[in-house]
There are 2 protein chains.
Amino acid sequence: MIKYYNVNGEIVPIEKAVINVKDLGFLRGYSVFDFFRIYKGQPVFIEDHLDRLENSSGKLGLSLPYSREAIIEKIIALAKVNELEFGGIKIILTGGYSLDGFLPTTPNFVMVASTLPTYPASYYTKGVKLMAYQYTRETPYTKTTNYLKPISLQKEIDEAEAFDVLYHDGEFISESARANFFIVNEAGTIITPDRDALRGITRKHVLGIANKHFNVEIRPVSLKEARAAKECFMTSSTKTVMPIRQVDFWRINKGIIGDTTKQIMALFKQHVEDYVTAAV
Amino acid sequence: MIKYYNVNGEIVPIEKAVINVKDLGFLRGYSVFDFFRIYKGQPVFIEDHLDRLENSSGKLGLSLPYSREAIIEKIIALAKVNELEFGGIKIILTGGYSLDGFLPTTPNFVMVASTLPTYPASYYTKGVKLMAYQYTRETPYTKTTNYLKPISLQKEIDEAEAFDVLYHDGEFISESARANFFIVNEAGTIITPDRDALRGITRKHVLGIANKHFNVEIRPVSLKEARAAKECFMTSSTKTVMPIRQVDFWRINKGIIGDTTKQIMALFKQHVEDYVTAAV
């Protein structure tokens, strides 16, 4: 049970985790974030997430108010006070309390702890369905808080009995709303798109693992190529490696999870275990 | 001096105008707003702004928690307690406190009072410069809080010694970041673009006024046509009617404000006076 957040460096009970409405994240959506997954009480791939948070902040001209070491300490402290063994800590950095409601000032730094969503086991044994949707995020390489589109689409996603969306530009696939997209083709090559896709940390580590065992290509993936793919899966910090069994009306591999996906799932799981063991 | 805001129906001192960080406007930018200009203590064109706020809220599947009459009362009450004769009241409606950090719940309703920005008199007597920029807003007809792009562009705007940006898609102009765009051509026709442009309330009233005195066209305006225009101006609730003397390196009418713009400025001013007098 999560009981505490952190606002501007101070651990506070959730009900006291407030910001003034003058905050530019609230008023103008001027805000970036990153999500630090906690596994066995340890933040996973923390340096990668810090790199990305620094990059996102820099893109908005915002400076993190603490050193990397201090942020790591704060993540571990917030996980500890919440007795969080498995979960995540989201760090949000906003444009701060704006004097004119438009121009950024000193950033506000907020940390929100959470347990992970509990997906049905079938999502990993049978795969999920995605709904193809033509849309390109405004700033795909910067992790901003702008999620208006996928939240607005939720009703449509539910009606399609899908788990999430798969964004494309009419010809090429970019990503899912909160996960990266991979295919495995007939030749057994693992391919993931690069353009307009978030620089996912799980994506990065999956590519690292995959490179040791398979042919890997980072290049545009058309809807047509994906439709002919042997296997599809997606990756994210909360979902790790999740198989995709269907997109709209096209089923992948007759709805059976392929061996390459299974192998990547097992290899990634071991990779996280190794990381956490080494970190202790 | 503004001292009070309103959070979920209660008037509170600014320093107590807080929301919990679980708010979906804060976490995910899932939020709409509208800005009610106060002139001589009265909200101007209030029914139009309420229509638009209802429309924006509906687009996000959010319901306003109060009746129109109750919202009008709250706007007038917040103006009064702040002794606000000239200024504005912004109403923000968010996706509420989200249980999973993604799906909307009961909206939060926030009212922020402010004085108007004080522009140098020269902005109205000599006009302003805009910086052309290729960009189309994701949801131009819904007034969401997503202003990441223009805030990120502020440094570039300052370096160009411009007042604001003028968005275009490479061929056609849509709008400025926080104002609608108009041209007056050689024949004296007033033209404003429609596609990807916010449904501005000042725009609507200027079109109503202009229709009585000039030829008016609502249709695409190319960069090429704007470059050849005799006059350019922009409209918004805070700026009212503001002449544009230059876009990038092209000067309009040799930098002299045209007679049609001057006439529209005077007619709009009188129109607001008439509205407020009738409202008392």
# chains A, B, ... in the order shown; residues from 1 in each chain; ligands from 1
call {"tool": "residues_around", "arguments": {"residues": "stretch 72-83 of chain B", "least_positions_apart": "4", "cutoff": "7 Å", "atoms": "only C-alpha atoms", "output": "list of chain:residue names"}}
result
B:Ile2, B:Lys3, B:Tyr4, B:Gly41, B:Arg68, B:Ile89
call {"tool": "write_last_selection", "arguments": {"atoms": "C-alpha atoms", "output": "mmCIF file, in the first residue's frame"}}
result
data_model
loop_
_atom_site.group_PDB
_atom_site.id
_atom_site.type_symbol
_atom_site.label_atom_id
_atom_site.label_comp_id
_atom_site.auth_asym_id
_atom_site.auth_seq_id
_atom_site.Cartn_x
_atom_site.Cartn_y
_atom_site.Cartn_z
ATOM 1 C CA ILE B 2 -5.040 39.222 -7.132
ATOM 2 C CA LYS B 3 -5.387 37.382 -3.808
ATOM 3 C CA TYR B 4 -7.905 34.589 -4.403
ATOM 4 C CA GLY B 41 -16.085 44.211 -13.724
ATOM 5 C CA ARG B 68 -23.982 27.605 -16.549
ATOM 6 C CA ILE B 89 -10.631 34.477 -15.125
#
call {"tool": "interface_residues", "arguments": {"of": "chain A", "to": "chain B", "cutoff": "10 Å", "atoms": "only C-alpha atoms", "output": "PyMOL selection string"}}
result
chain A and resi 5-7+14-33+59-61+90+92+94-95+100-104+110-112+114-117+135-139+144-155
call {"tool": "select_by_dssp", "arguments": {"residues": "stretch 3-243 of chain A", "states": "strand (DSSP E or B)", "output": "PyMOL selection string"}}
result
chain A and resi 4-7+10-13+18-20+23+31-39+42-43+87-94+97+109-114+128-134+144+164-168+172-176+180-184+190-192+216-218+221-222+231-236+240-243
call {"tool": "residues_around", "arguments": {"residues": "stretch 120-123 of chain A", "least_positions_apart": "3", "cutoff": "9 Å", "atoms": "only C-alpha atoms", "output": "ChimeraX atom specification"}}
result
/A:126-128,242-244
call {"tool": "select_by_dssp", "arguments": {"residues": "stretch 94-164 of chain B", "states": "helix (DSSP H, G or I)", "output": "list in words"}}
result
Ser122, Tyr123, Tyr124, Thr125, Leu148, Lys149, Pro150, Ile151, Ser152, Gln154, Lys155, Glu156, Ile157, Asp158 and Glu159 of chain B
call {"tool": "atom_distance", "arguments": {"atom1": "atom CA of A:Lys269", "atom2": "atom CA of A:Leu130"}}
result
23.2 Å
call {"tool": "residues_around", "arguments": {"residues": "B:Thr192", "least_positions_apart": "5", "cutoff": "8 Å", "atoms": "only C-alpha atoms", "output": "ChimeraX atom specification"}}
result
/B:180-183,217-221
call {"tool": "closest_residue", "arguments": {"among": "B:His205, B:Lys254, B:Arg37, B:Arg227", "to": "B:Ala132", "atoms": "only C-alpha atoms"}}
result
B:Arg227
call {"tool": "closest_residue", "arguments": {"among": "B:Gly87, B:Ala177, B:Phe233, B:Ile46", "to": "B:Glu69", "atoms": "only C-alpha atoms"}}
result
B:Ile46
